[in-house]
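Peer 1: My structure file run29.pdb, PDB, C-alpha atoms, is below:
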ATOM      1  CA  MET A  68      93.290  87.258  75.813  1.00  0.00           C
ATOM      2  CA  GLU A  69      91.872  86.296  72.469  1.00  0.00           C
ATOM      3  CA  TYR A  70      89.503  83.842  74.079  1.00  0.00           C
ATOM      4  CA  ILE A  71      87.192  86.837  74.365  1.00  0.00           C
ATOM      5  CA  VAL A  72      86.842  86.709  70.575  1.00  0.00           C
ATOM      6  CA  LEU A  73      85.820  83.068  70.747  1.00  0.00           C
ATOM      7  CA  SER A  74      83.374  83.889  73.517  1.00  0.00           C
ATOM      8  CA  LEU A  75      81.903  86.753  71.495  1.00  0.00           C
ATOM      9  CA  VAL A  76      81.482  84.574  68.407  1.00  0.00           C
ATOM     10  CA  LEU A  77      79.681  81.933  70.469  1.00  0.00           C
ATOM     11  CA  LEU A  78      77.518  84.653  71.999  1.00  0.00           C
ATOM     12  CA  GLY A  79      76.635  85.875  68.485  1.00  0.00           C
ATOM     13  CA  ILE A  80      75.705  82.349  67.408  1.00  0.00           C
ATOM     14  CA  GLY A  81      73.476  81.992  70.463  1.00  0.00           C
ATOM     15  CA  ILE A  82      71.742  85.291  69.769  1.00  0.00           C
ATOM     16  CA  TYR A  83      71.255  84.221  66.135  1.00  0.00           C
ATOM     17  CA  GLY A  84      69.484  81.095  67.387  1.00  0.00           C
ATOM     18  CA  LEU A  85      67.331  83.063  69.809  1.00  0.00           C
ATOM     19  CA  VAL A  86      66.247  85.502  67.133  1.00  0.00           C
ATOM     20  CA  MET A  87      65.897  83.248  64.098  1.00  0.00           C
ATOM     21  CA  LYS A  88      64.726  79.884  65.411  1.00  0.00           C
ATOM     22  CA  ARG A  89      61.144  79.133  66.428  1.00  0.00           C
ATOM     23  CA  ASN A  90      61.549  75.617  67.797  1.00  0.00           C
ATOM     24  CA  LEU A  91      61.629  75.598  71.600  1.00  0.00           C
ATOM     25  CA  LEU A  92      64.427  73.008  71.681  1.00  0.00           C
ATOM     26  CA  LYS A  93      66.568  75.186  69.404  1.00  0.00           C
ATOM     27  CA  VAL A  94      65.862  78.180  71.622  1.00  0.00           C
ATOM     28  CA  LEU A  95      66.997  76.128  74.600  1.00  0.00           C
ATOM     29  CA  MET A  96      70.174  75.152  72.741  1.00  0.00           C
ATOM     30  CA  SER A  97      70.780  78.847  71.994  1.00  0.00           C
ATOM     31  CA  ILE A  98      70.483  79.677  75.689  1.00  0.00           C
ATOM     32  CA  GLU A  99      72.902  76.857  76.490  1.00  0.00           C
ATOM     33  CA  ILE A 100      75.412  78.180  73.967  1.00  0.00           C
ATOM     34  CA  ILE A 101      75.139  81.707  75.366  1.00  0.00           C
ATOM     35  CA  ALA A 102      75.641  80.361  78.898  1.00  0.00           C
ATOM     36  CA  ALA A 103      78.632  78.307  77.754  1.00  0.00           C
ATOM     37  CA  ALA A 104      80.125  81.374  76.055  1.00  0.00           C
ATOM     38  CA  ALA A 105      79.789  83.410  79.229  1.00  0.00           C
ATOM     39  CA  SER A 106      80.972  80.803  81.699  1.00  0.00           C
ATOM     40  CA  MET A 107      83.907  79.802  79.500  1.00  0.00           C
ATOM     41  CA  ASN A 108      85.549  83.080  80.477  1.00  0.00           C
ATOM     42  CA  PHE A 109      85.543  82.083  84.147  1.00  0.00           C
ATOM     43  CA  ALA A 110      87.452  78.862  83.535  1.00  0.00           C
ATOM     44  CA  VAL A 111      89.861  80.231  80.929  1.00  0.00           C
ATOM     45  CA  PHE A 112      90.787  83.444  82.711  1.00  0.00           C
ATOM     46  CA  GLY A 113      90.981  81.709  86.080  1.00  0.00           C
ATOM     47  CA  SER A 114      93.301  79.120  84.637  1.00  0.00           C
ATOM     48  CA  VAL A 115      95.382  81.761  82.895  1.00  0.00           C
ATOM     49  CA  ALA A 116      95.628  83.733  86.141  1.00  0.00           C
ATOM     50  CA  GLY A 117      97.022  80.651  87.839  1.00  0.00           C
ATOM     51  CA  ASP A 118      94.415  79.988  90.509  1.00  0.00           C
ATOM     52  CA  SER A 119      91.419  77.736  90.766  1.00  0.00           C
ATOM     53  CA  LEU A 120      88.847  80.302  91.800  1.00  0.00           C
ATOM     54  CA  GLY A 121      87.755  80.756  88.182  1.00  0.00           C
ATOM     55  CA  GLN A 122      87.024  77.053  87.892  1.00  0.00           C
ATOM     56  CA  VAL A 123      85.004  77.221  91.099  1.00  0.00           C
ATOM     57  CA  PHE A 124      82.899  80.040  89.697  1.00  0.00           C
ATOM     58  CA  PHE A 125      82.540  78.100  86.455  1.00  0.00           C
ATOM     59  CA  ILE A 126      81.251  75.033  88.277  1.00  0.00           C
ATOM     60  CA  LEU A 127      78.774  77.102  90.281  1.00  0.00           C
ATOM     61  CA  ALA A 128      77.536  78.760  87.077  1.00  0.00           C
ATOM     62  CA  LEU A 129      77.368  75.425  85.261  1.00  0.00           C
ATOM     63  CA  SER A 130      75.248  73.812  87.957  1.00  0.00           C
ATOM     64  CA  VAL A 131      72.766  76.691  87.915  1.00  0.00           C
ATOM     65  CA  ASP A 132      72.690  76.498  84.128  1.00  0.00           C
ATOM     66  CA  THR A 133      71.978  72.764  84.235  1.00  0.00           C
ATOM     67  CA  ALA A 134      69.163  73.244  86.734  1.00  0.00           C
ATOM     68  CA  MET A 135      67.711  75.939  84.501  1.00  0.00           C
ATOM     69  CA  THR A 136      67.856  73.566  81.535  1.00  0.00           C
ATOM     70  CA  ALA A 137      65.911  70.972  83.506  1.00  0.00           C
ATOM     71  CA  ILE A 138      63.212  73.526  84.314  1.00  0.00           C
ATOM     72  CA  VAL A 139      62.925  74.698  80.725  1.00  0.00           C
ATOM     73  CA  ILE A 140      62.670  71.125  79.435  1.00  0.00           C
ATOM     74  CA  ALA A 141      59.902  70.450  81.954  1.00  0.00           C
ATOM     75  CA  LEU A 142      58.085  73.572  80.728  1.00  0.00           C
ATOM     76  CA  VAL A 143      58.581  72.489  77.116  1.00  0.00           C
ATOM     77  CA  LEU A 144      57.096  69.085  77.921  1.00  0.00           C
ATOM     78  CA  ILE A 145      54.091  70.695  79.609  1.00  0.00           C
ATOM     79  CA  ALA A 146      53.563  73.094  76.697  1.00  0.00           C
ATOM     80  CA  TYR A 147      53.694  70.200  74.247  1.00  0.00           C
ATOM     81  CA  ARG A 148      51.286  68.070  76.270  1.00  0.00           C
ATOM     82  CA  GLU A 149      48.880  70.961  76.745  1.00  0.00           C
ATOM     83  CA  TYR A 150      48.884  72.500  73.286  1.00  0.00           C
ATOM     84  CA  GLY A 151      50.717  70.030  71.054  1.00  0.00           C
ATOM     85  CA  VAL A 152      53.065  72.673  69.676  1.00  0.00           C
ATOM     86  CA  LEU A 153      56.767  73.404  69.997  1.00  0.00           C
ATOM     87  CA  ASP A 154      56.695  76.592  67.956  1.00  0.00           C
ATOM     88  CA  ILE A 155      57.141  79.844  69.856  1.00  0.00           C
ATOM     89  CA  TRP A 156      54.989  81.788  67.409  1.00  0.00           C
ATOM     90  CA  ASP A 157      52.166  79.265  67.690  1.00  0.00           C
ATOM     91  CA  LEU A 158      52.360  79.471  71.478  1.00  0.00           C
ATOM     92  CA  SER A 159      52.155  83.255  71.343  1.00  0.00           C
ATOM     93  CA  LYS A 160      49.089  82.953  69.067  1.00  0.00           C
ATOM     94  CA  LEU A 161      47.470  80.727  71.695  1.00  0.00           C
ATOM     95  CA  LYS A 162      48.011  83.478  74.236  1.00  0.00           C
ATOM     96  CA  LYS A 163      46.000  85.932  72.097  1.00  0.00           C
ATOM     97  CA  SER A 164      43.046  83.572  71.506  1.00  0.00           C
TER      98      SER A 164
ATOM     99  CA  MET B 195      99.823  80.081  67.658  1.00  0.00           C
ATOM    100  CA  SER B 196      99.057  76.474  68.384  1.00  0.00           C
ATOM    101  CA  ILE B 197      97.372  74.820  65.436  1.00  0.00           C
ATOM    102  CA  PHE B 198      95.651  72.391  67.757  1.00  0.00           C
ATOM    103  CA  GLU B 199      94.158  75.220  69.814  1.00  0.00           C
ATOM    104  CA  ALA B 200      92.928  77.039  66.721  1.00  0.00           C
ATOM    105  CA  ALA B 201      91.439  73.822  65.337  1.00  0.00           C
ATOM    106  CA  LEU B 202      89.590  73.260  68.611  1.00  0.00           C
ATOM    107  CA  ALA B 203      88.199  76.796  68.576  1.00  0.00           C
ATOM    108  CA  ALA B 204      87.159  76.574  64.913  1.00  0.00           C
ATOM    109  CA  SER B 205      85.486  73.196  65.423  1.00  0.00           C
ATOM    110  CA  LEU B 206      83.654  74.560  68.457  1.00  0.00           C
ATOM    111  CA  VAL B 207      82.277  77.510  66.495  1.00  0.00           C
ATOM    112  CA  ILE B 208      81.289  75.346  63.513  1.00  0.00           C
ATOM    113  CA  SER B 209      79.537  72.712  65.597  1.00  0.00           C
ATOM    114  CA  ALA B 210      77.713  75.332  67.682  1.00  0.00           C
ATOM    115  CA  PHE B 211      76.449  77.037  64.540  1.00  0.00           C
ATOM    116  CA  LEU B 212      75.393  73.776  62.913  1.00  0.00           C
ATOM    117  CA  ALA B 213      73.551  72.774  66.088  1.00  0.00           C
ATOM    118  CA  LEU B 214      71.252  75.725  65.547  1.00  0.00           C
ATOM    119  CA  HIS B 215      71.193  75.711  61.743  1.00  0.00           C
ATOM    120  CA  LEU B 216      70.407  72.063  60.960  1.00  0.00           C
ATOM    121  CA  ASP B 217      66.708  71.232  60.788  1.00  0.00           C
ATOM    122  CA  GLU B 218      67.036  67.510  61.503  1.00  0.00           C
ATOM    123  CA  THR B 219      66.794  67.177  65.278  1.00  0.00           C
ATOM    124  CA  THR B 220      69.154  64.212  65.603  1.00  0.00           C
ATOM    125  CA  TYR B 221      71.964  65.876  63.660  1.00  0.00           C
ATOM    126  CA  SER B 222      71.373  69.105  65.526  1.00  0.00           C
ATOM    127  CA  ILE B 223      71.680  67.393  68.911  1.00  0.00           C
ATOM    128  CA  ILE B 224      74.803  65.495  67.813  1.00  0.00           C
ATOM    129  CA  SER B 225      76.353  68.776  66.727  1.00  0.00           C
ATOM    130  CA  PHE B 226      75.382  70.403  70.027  1.00  0.00           C
ATOM    131  CA  GLY B 227      76.986  67.553  71.946  1.00  0.00           C
ATOM    132  CA  ALA B 228      80.120  67.917  69.856  1.00  0.00           C
ATOM    133  CA  ALA B 229      80.225  71.634  70.709  1.00  0.00           C
ATOM    134  CA  LEU B 230      80.015  70.938  74.446  1.00  0.00           C
ATOM    135  CA  THR B 231      82.679  68.223  74.197  1.00  0.00           C
ATOM    136  CA  LEU B 232      85.005  70.534  72.251  1.00  0.00           C
ATOM    137  CA  LEU B 233      84.506  73.190  74.920  1.00  0.00           C
ATOM    138  CA  SER B 234      85.618  70.604  77.449  1.00  0.00           C
ATOM    139  CA  ALA B 235      88.689  69.875  75.321  1.00  0.00           C
ATOM    140  CA  ILE B 236      89.545  73.594  75.334  1.00  0.00           C
ATOM    141  CA  PHE B 237      89.342  73.575  79.128  1.00  0.00           C
ATOM    142  CA  PHE B 238      91.730  70.626  79.223  1.00  0.00           C
ATOM    143  CA  TYR B 239      94.049  72.531  76.927  1.00  0.00           C
ATOM    144  CA  VAL B 240      94.201  75.590  79.205  1.00  0.00           C
ATOM    145  CA  ASN B 241      94.821  73.361  82.251  1.00  0.00           C
ATOM    146  CA  ALA B 242      91.380  73.893  83.762  1.00  0.00           C
ATOM    147  CA  THR B 243      91.006  70.199  84.509  1.00  0.00           C
ATOM    148  CA  PHE B 244      88.125  70.323  86.970  1.00  0.00           C
ATOM    149  CA  ALA B 245      86.117  72.594  84.710  1.00  0.00           C
ATOM    150  CA  ALA B 246      86.748  70.223  81.808  1.00  0.00           C
ATOM    151  CA  VAL B 247      85.573  67.190  83.761  1.00  0.00           C
ATOM    152  CA  PHE B 248      82.435  68.966  84.963  1.00  0.00           C
ATOM    153  CA  GLN B 249      81.754  70.258  81.473  1.00  0.00           C
ATOM    154  CA  ILE B 250      81.988  66.819  79.897  1.00  0.00           C
ATOM    155  CA  VAL B 251      79.744  65.300  82.575  1.00  0.00           C
ATOM    156  CA  VAL B 252      77.141  67.990  81.938  1.00  0.00           C
ATOM    157  CA  ALA B 253      77.574  67.503  78.186  1.00  0.00           C
ATOM    158  CA  VAL B 254      76.778  63.807  78.439  1.00  0.00           C
ATOM    159  CA  GLY B 255      73.664  64.536  80.499  1.00  0.00           C
ATOM    160  CA  ALA B 256      72.546  67.330  78.203  1.00  0.00           C
ATOM    161  CA  ILE B 257      72.956  65.167  75.109  1.00  0.00           C
ATOM    162  CA  ALA B 258      70.893  62.369  76.656  1.00  0.00           C
ATOM    163  CA  VAL B 259      68.105  64.726  77.725  1.00  0.00           C
ATOM    164  CA  PHE B 260      68.051  66.536  74.398  1.00  0.00           C
ATOM    165  CA  PHE B 261      67.938  63.236  72.498  1.00  0.00           C
ATOM    166  CA  LEU B 262      64.977  62.062  74.544  1.00  0.00           C
ATOM    167  CA  ALA B 263      63.139  65.372  74.279  1.00  0.00           C
ATOM    168  CA  GLY B 264      63.934  65.754  70.589  1.00  0.00           C
ATOM    169  CA  GLU B 265      62.811  62.282  69.617  1.00  0.00           C
ATOM    170  CA  MET B 266      59.675  62.515  71.746  1.00  0.00           C
ATOM    171  CA  LEU B 267      58.517  65.940  70.736  1.00  0.00           C
ATOM    172  CA  THR B 268      59.702  66.664  67.228  1.00  0.00           C
ATOM    173  CA  PRO B 269      57.595  65.443  64.318  1.00  0.00           C
ATOM    174  CA  LYS B 270      59.342  64.053  61.253  1.00  0.00           C
ATOM    175  CA  ARG B 271      59.898  66.746  58.687  1.00  0.00           C
ATOM    176  CA  LYS B 272      60.948  66.907  55.101  1.00  0.00           C
ATOM    177  CA  ILE B 273      64.665  66.558  54.487  1.00  0.00           C
ATOM    178  CA  GLN B 274      66.626  69.813  54.513  1.00  0.00           C
ATOM    179  CA  GLY B 275      67.999  70.804  51.134  1.00  0.00           C
ATOM    180  CA  ARG B 276      71.660  70.208  50.388  1.00  0.00           C
ATOM    181  CA  ARG B 277      72.033  73.837  49.356  1.00  0.00           C
ATOM    182  CA  SER B 278      70.906  75.045  52.768  1.00  0.00           C
ATOM    183  CA  ILE B 279      73.355  72.692  54.483  1.00  0.00           C
ATOM    184  CA  ILE B 280      76.236  73.916  52.293  1.00  0.00           C
ATOM    185  CA  ILE B 281      75.340  77.556  52.981  1.00  0.00           C
ATOM    186  CA  GLY B 282      75.243  76.771  56.702  1.00  0.00           C
ATOM    187  CA  LEU B 283      78.660  75.114  56.525  1.00  0.00           C
ATOM    188  CA  LEU B 284      80.092  78.139  54.685  1.00  0.00           C
ATOM    189  CA  ILE B 285      78.686  80.571  57.245  1.00  0.00           C
ATOM    190  CA  ALA B 286      80.013  78.424  60.093  1.00  0.00           C
ATOM    191  CA  PHE B 287      83.456  78.318  58.473  1.00  0.00           C
ATOM    192  CA  LEU B 288      83.475  82.114  58.096  1.00  0.00           C
ATOM    193  CA  LEU B 289      82.429  82.496  61.725  1.00  0.00           C
ATOM    194  CA  SER B 290      85.287  80.266  62.826  1.00  0.00           C
ATOM    195  CA  LEU B 291      87.884  82.510  61.186  1.00  0.00           C
ATOM    196  CA  PRO B 292      88.070  85.297  63.829  1.00  0.00           C
ATOM    197  CA  PRO B 293      89.214  82.998  66.674  1.00  0.00           C
ATOM    198  CA  ILE B 294      91.863  81.504  64.376  1.00  0.00           C
ATOM    199  CA  LEU B 295      93.118  84.788  62.945  1.00  0.00           C
ATOM    200  CA  SER B 296      93.211  86.493  66.313  1.00  0.00           C
ATOM    201  CA  GLU B 297      95.786  83.936  67.521  1.00  0.00           C
ATOM    202  CA  LEU B 298      94.400  82.281  70.594  1.00  0.00           C
ATOM    203  CA  ASN B 299      96.920  82.099  73.353  1.00  0.00           C
ATOM    204  CA  ALA B 300      96.887  81.588  77.079  1.00  0.00           C
ATOM    205  CA  GLU B 301      99.388  84.015  78.494  1.00  0.00           C
ATOM    206  CA  VAL B 302     100.193  83.730  82.179  1.00  0.00           C
ATOM    207  CA  PHE B 303      99.298  86.660  84.383  1.00  0.00           C
ATOM    208  CA  SER B 304     102.066  88.274  86.358  1.00  0.00           C
ATOM    209  CA  ARG B 305     100.109  87.946  89.598  1.00  0.00           C
ATOM    210  CA  SER B 306      99.042  84.512  90.718  1.00  0.00           C
ATOM    211  CA  TYR B 307      97.260  83.374  93.880  1.00  0.00           C
ATOM    212  CA  ASN B 308      98.268  79.711  93.567  1.00  0.00           C
ATOM    213  CA  LEU B 309      95.046  78.464  95.087  1.00  0.00           C
ATOM    214  CA  ALA B 310      94.393  74.759  95.017  1.00  0.00           C
ATOM    215  CA  PHE B 311      90.965  73.751  93.784  1.00  0.00           C
ATOM    216  CA  PRO B 312      89.604  72.277  97.067  1.00  0.00           C
ATOM    217  CA  SER B 313      90.693  75.270  99.121  1.00  0.00           C
ATOM    218  CA  ALA B 314      89.293  77.679  96.557  1.00  0.00           C
ATOM    219  CA  LEU B 315      86.010  75.793  96.575  1.00  0.00           C
ATOM    220  CA  TRP B 316      85.503  75.276 100.297  1.00  0.00           C
ATOM    221  CA  LYS B 317      87.315  78.211 101.927  1.00  0.00           C
ATOM    222  CA  PHE B 318      86.158  80.934  99.567  1.00  0.00           C
ATOM    223  CA  ARG B 319      82.899  79.631  98.134  1.00  0.00           C
ATOM    224  CA  GLY B 320      81.753  77.091 100.719  1.00  0.00           C
ATOM    225  CA  LEU B 321      78.543  78.949 101.550  1.00  0.00           C
ATOM    226  CA  ASP B 322      77.774  79.297  97.854  1.00  0.00           C
ATOM    227  CA  VAL B 323      78.111  75.557  97.362  1.00  0.00           C
ATOM    228  CA  ILE B 324      75.753  74.777 100.244  1.00  0.00           C
ATOM    229  CA  ALA B 325      73.236  77.412  99.176  1.00  0.00           C
ATOM    230  CA  GLN B 326      73.361  76.221  95.618  1.00  0.00           C
ATOM    231  CA  SER B 327      72.741  72.635  96.585  1.00  0.00           C
ATOM    232  CA  ILE B 328      69.597  73.791  98.415  1.00  0.00           C
ATOM    233  CA  VAL B 329      68.504  75.768  95.357  1.00  0.00           C
ATOM    234  CA  ILE B 330      69.042  72.793  93.052  1.00  0.00           C
ATOM    235  CA  LEU B 331      67.168  70.471  95.421  1.00  0.00           C
ATOM    236  CA  THR B 332      64.260  72.930  95.492  1.00  0.00           C
ATOM    237  CA  LEU B 333      64.271  73.128  91.700  1.00  0.00           C
ATOM    238  CA  ALA B 334      64.242  69.344  91.398  1.00  0.00           C
ATOM    239  CA  LEU B 335      61.313  69.090  93.819  1.00  0.00           C
ATOM    240  CA  GLY B 336      59.472  71.807  91.884  1.00  0.00           C
ATOM    241  CA  ILE B 337      59.953  69.994  88.587  1.00  0.00           C
ATOM    242  CA  VAL B 338      58.719  66.725  90.093  1.00  0.00           C
ATOM    243  CA  MET B 339      55.639  68.467  91.516  1.00  0.00           C
ATOM    244  CA  VAL B 340      54.812  70.200  88.232  1.00  0.00           C
ATOM    245  CA  LEU B 341      55.208  67.029  86.180  1.00  0.00           C
ATOM    246  CA  ARG B 342      53.171  64.977  88.677  1.00  0.00           C
ATOM    247  CA  ARG B 343      50.357  67.498  88.583  1.00  0.00           C
ATOM    248  CA  GLU B 344      50.393  67.412  84.790  1.00  0.00           C
ATOM    249  CA  GLY B 345      50.378  63.608  84.865  1.00  0.00           C
ATOM    250  CA  ARG B 346      47.281  63.533  87.082  1.00  0.00           C
ATOM    251  CA  ARG B 347      45.455  65.933  84.776  1.00  0.00           C
TER     252      ARG B 347
END
Turn the structure described in the file into C-alpha cells.

Peer 2:
Amino acid sequence: MEYIVLSLVLLGIGIYGLVMKRNLLKVLMSIEIIAAAASMNFAVFGSVAGDSLGQVFFILALSVDTAMTAIVIALVLIAYREYGVLDIWDLSKLKKS
Amino acid sequence: MSIFEAALAASLVISAFLALHLDETTYSIISFGAALTLLSAIFFYVNATFAAVFQIVVAVGAIAVFFLAGEMLTPKRKIQGRRSIIIGLLIAFLLSLPPILSELNAEVFSRSYNLAFPSALWKFRGLDVIAQSIVILTLALGIVMVLRREGRR
C-alpha cells in the first residue's frame, strides 16, 4: 500500500503550490494536483481489491473535478476581464479599496 | 520492486512539482500535462483501465484549456534564471525519492468482489451517474450564462 506515499507527496506538492504561488492558473493547477492525489487512491485501491467500484468512484470524482475546473477558469477569465490581474494578492487588494 | 513502476511514480512527482515551480506558462502547462498523462500510465499499470482512459481524456482537455487560458491571460515575463530551474529540479528529484524507496507494489487483497465495470457503474452507482449528469449540465449552463452576461457588459 505504498501508493499512499505517492499520494501524500502529490498532496504536499499541491499544498506547496497553493501556499507559495500567486498566479491564479498555478493555484488552479495546485487544486488539480491535490484532486488527482486524492482520487488516485480510489482507482488504485479499487483495482488492488479486485473490483471495479473504485474506478467508478474515481470517474465520478473526476467528472466533478473537471466541472469545477471549468467554473474556476470562467471565474479567472471574468476576474482578468474586470480587473486585468491574475495575481491573488492584487485581487485581495482590490477587495480592500 | 518494479523499476518501471518506480520510474513512473518518480516522473509523476517531478513533473507535478515542475508544473508549479516553472515560471514560464508554456513549460508549466506542458509539465502539468505530462503529470496527468503519467498518472494515467500508473492506472494502466495497476489494471485500472477505465480510470486510465478517463484520466487521459480529461488530461487532453485540461491541457488544451490551460494552454488557451495561459496564452491569453499571462503576460510575457523575463526568463527564469537557470539557477532557479536547477534548484527546482533538485527539489523535485528529492521529492520523488520517497515513492521509490518505499517500494511501490500492488498487492492483491484477500477479499475480492469481482465486479465488472458496467455492473458496478449502473447497479451500484446508477443514481449517482444520473444526478451527476444533471449537476454537470447545470454547471455548464451557469458558466454560459455568466460568460454571456460578461460579454454583454

Peer 1: Taking (81.0, 86.0, 69.2) in the coordinates of the supplied file, I want to know which residues reach to within 12 Å of it, counting only C-alpha atoms; could you give the answer as number ranges by chain?

Peer 2: A: 69-83, 100-101, 103-105; B: 203, 206-207, 210-211, 286, 289-293

Peer 1: Using Å and a single decimal, report how far CA of Leu85 in chain A sits from CA of Asp132 in chain A.

Peer 2: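 Between CA of Asp132 in chain A and CA of Leu85 in chain A the gap is 16.6 Å.
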
Peer 1: Using all atoms listed in the file and a cutoff of 6 Å, can you tell me which residues are near (74.6, 64.0, 73.4) in the file's coordinates, and write them out as a PyMOL selection string?

Peer 2: chain B and resi 224+227+254+257-258

Peer 1: Please write the residues picked by the ChimeraX specification (/B :<8) & /A on this file as a VMD selection string.

Peer 2: chain A and resid 68 to 70 72 to 73 76 to 77 80 84 88 92 to 93 96 to 97 100 110 to 111 114 to 120 122 to 123 125 to 127 129 131 133 to 134 137 to 138 140 to 141 144 to 145 147 153

Peer 1: Could you write out the selected residues, including C-alpha atoms, as a compact mmCIF listing (two decimals), keeping the file's coordinate frame?

Peer 2:
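See result.txt below for the written result:
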# COMPACT_ATOMS: atom_id res chain seq x y z
CA MET A 68 93.29 87.26 75.81
CA GLU A 69 91.87 86.30 72.47
CA TYR A 70 89.50 83.84 74.08
CA VAL A 72 86.84 86.71 70.58
CA LEU A 73 85.82 83.07 70.75
CA VAL A 76 81.48 84.57 68.41
CA LEU A 77 79.68 81.93 70.47
CA ILE A 80 75.70 82.35 67.41
CA GLY A 84 69.48 81.10 67.39
CA LYS A 88 64.73 79.88 65.41
CA LEU A 92 64.43 73.01 71.68
CA LYS A 93 66.57 75.19 69.40
CA MET A 96 70.17 75.15 72.74
CA SER A 97 70.78 78.85 71.99
CA ILE A 100 75.41 78.18 73.97
CA ALA A 110 87.45 78.86 83.54
CA VAL A 111 89.86 80.23 80.93
CA SER A 114 93.30 79.12 84.64
CA VAL A 115 95.38 81.76 82.90
CA ALA A 116 95.63 83.73 86.14
CA GLY A 117 97.02 80.65 87.84
CA ASP A 118 94.42 79.99 90.51
CA SER A 119 91.42 77.74 90.77
CA LEU A 120 88.85 80.30 91.80
CA GLN A 122 87.02 77.05 87.89
CA VAL A 123 85.00 77.22 91.10
CA PHE A 125 82.54 78.10 86.46
CA ILE A 126 81.25 75.03 88.28
CA LEU A 127 78.77 77.10 90.28
CA LEU A 129 77.37 75.42 85.26
CA VAL A 131 72.77 76.69 87.92
CA THR A 133 71.98 72.76 84.24
CA ALA A 134 69.16 73.24 86.73
CA ALA A 137 65.91 70.97 83.51
CA ILE A 138 63.21 73.53 84.31
CA ILE A 140 62.67 71.12 79.44
CA ALA A 141 59.90 70.45 81.95
CA LEU A 144 57.10 69.08 77.92
CA ILE A 145 54.09 70.69 79.61
CA TYR A 147 53.69 70.20 74.25
CA LEU A 153 56.77 73.40 70.00

Peer 1: With distances taken over only C-alpha atoms, which of A:Leu91, A:Arg148, A:Phe112, A:Ala102 is nearest to Ser130 in chain A?

Peer 2: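 Once distances to Ser130 in chain A are computed over only C-alpha atoms, the minimum belongs to A:Ala102.
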
Peer 1: What does the distance from CA of Met339 in chain B to CA of Ile250 in chain B come to in Å, to one decimal?

Peer 2: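 Atom-to-atom, CA of Met339 in chain B to CA of Ile250 in chain B, that is 28.8 Å.
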
Peer 1: Figure out the distance between CA of Arg342 in chain B and CA of Ser159 in chain A, please, to one decimal in Å.

Peer 2: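 Separating CA of Ser159 in chain A from CA of Arg342 in chain B is a distance of 25.2 Å.
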
Peer 1: Pick out the closest residue to Ala200 in chain B from this set: B:Ile324, B:Val251, B:Ala235, B:Arg276. Count only C-alpha atoms.

Peer 2: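 Using only C-alpha atoms, Ala200 in chain B sits closest to B:Ala235.
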
Peer 1: Using all atoms of range 137-147 of chain A listed in the file and a margin of 6 Å per side, can you give the axis-aligned box centre and edge lengths in Å to one decimal, as lines of an AutoDock Vina configuration file?

Peer 2:
center_x = 59.7
center_y = 71.9
center_z = 79.3
size_x = 24.3
size_y = 17.6
size_z = 22.1

Peer 1: Given the choices B:Leu202, B:Ser209, B:Arg343, B:Ser196, which gets closest to Phe287 in chain B if the distance is worked out from all atoms listed in the file?

Peer 2: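 Among the listed residues, the smallest separation from Phe287 in chain B belongs to B:Ser209.
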
Peer 1: Complete range 244-257 of chain B with N, CA and C atoms (output as a PDB file, in the coordinates of the input).

Peer 2:
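Generated output (selection-v1.pdb):
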ATOM      1  N   PHE B 244      89.401  70.558  86.303  1.00  0.00           N
ATOM      2  CA  PHE B 244      88.125  70.323  86.970  1.00  0.00           C
ATOM      3  C   PHE B 244      86.965  70.857  86.130  1.00  0.00           C
ATOM      4  N   ALA B 245      87.159  72.034  85.569  1.00  0.00           N
ATOM      5  CA  ALA B 245      86.117  72.594  84.710  1.00  0.00           C
ATOM      6  C   ALA B 245      85.850  71.680  83.516  1.00  0.00           C
ATOM      7  N   ALA B 246      86.914  71.112  82.965  1.00  0.00           N
ATOM      8  CA  ALA B 246      86.748  70.223  81.808  1.00  0.00           C
ATOM      9  C   ALA B 246      85.958  68.981  82.180  1.00  0.00           C
ATOM     10  N   VAL B 247      86.282  68.408  83.350  1.00  0.00           N
ATOM     11  CA  VAL B 247      85.573  67.190  83.761  1.00  0.00           C
ATOM     12  C   VAL B 247      84.099  67.502  84.010  1.00  0.00           C
ATOM     13  N   PHE B 248      83.826  68.597  84.724  1.00  0.00           N
ATOM     14  CA  PHE B 248      82.435  68.966  84.963  1.00  0.00           C
ATOM     15  C   PHE B 248      81.712  69.237  83.647  1.00  0.00           C
ATOM     16  N   GLN B 249      82.374  69.923  82.751  1.00  0.00           N
ATOM     17  CA  GLN B 249      81.754  70.258  81.473  1.00  0.00           C
ATOM     18  C   GLN B 249      81.389  69.004  80.691  1.00  0.00           C
ATOM     19  N   ILE B 250      82.276  68.020  80.693  1.00  0.00           N
ATOM     20  CA  ILE B 250      81.988  66.819  79.897  1.00  0.00           C
ATOM     21  C   ILE B 250      80.891  65.990  80.558  1.00  0.00           C
ATOM     22  N   VAL B 251      80.837  66.000  81.892  1.00  0.00           N
ATOM     23  CA  VAL B 251      79.744  65.300  82.575  1.00  0.00           C
ATOM     24  C   VAL B 251      78.409  65.948  82.224  1.00  0.00           C
ATOM     25  N   VAL B 252      78.367  67.277  82.291  1.00  0.00           N
ATOM     26  CA  VAL B 252      77.141  67.990  81.938  1.00  0.00           C
ATOM     27  C   VAL B 252      76.802  67.773  80.471  1.00  0.00           C
ATOM     28  N   ALA B 253      77.821  67.710  79.615  1.00  0.00           N
ATOM     29  CA  ALA B 253      77.574  67.503  78.186  1.00  0.00           C
ATOM     30  C   ALA B 253      76.899  66.168  77.938  1.00  0.00           C
ATOM     31  N   VAL B 254      77.379  65.131  78.618  1.00  0.00           N
ATOM     32  CA  VAL B 254      76.778  63.807  78.439  1.00  0.00           C
ATOM     33  C   VAL B 254      75.313  63.833  78.873  1.00  0.00           C
ATOM     34  N   GLY B 255      75.046  64.440  80.035  1.00  0.00           N
ATOM     35  CA  GLY B 255      73.664  64.536  80.499  1.00  0.00           C
ATOM     36  C   GLY B 255      72.789  65.336  79.564  1.00  0.00           C
ATOM     37  N   ALA B 256      73.328  66.471  79.105  1.00  0.00           N
ATOM     38  CA  ALA B 256      72.546  67.330  78.203  1.00  0.00           C
ATOM     39  C   ALA B 256      72.229  66.610  76.900  1.00  0.00           C
ATOM     40  N   ILE B 257      73.197  65.879  76.369  1.00  0.00           N
ATOM     41  CA  ILE B 257      72.956  65.167  75.109  1.00  0.00           C
ATOM     42  C   ILE B 257      71.847  64.134  75.295  1.00  0.00           C
TER      43      ILE B 257
END
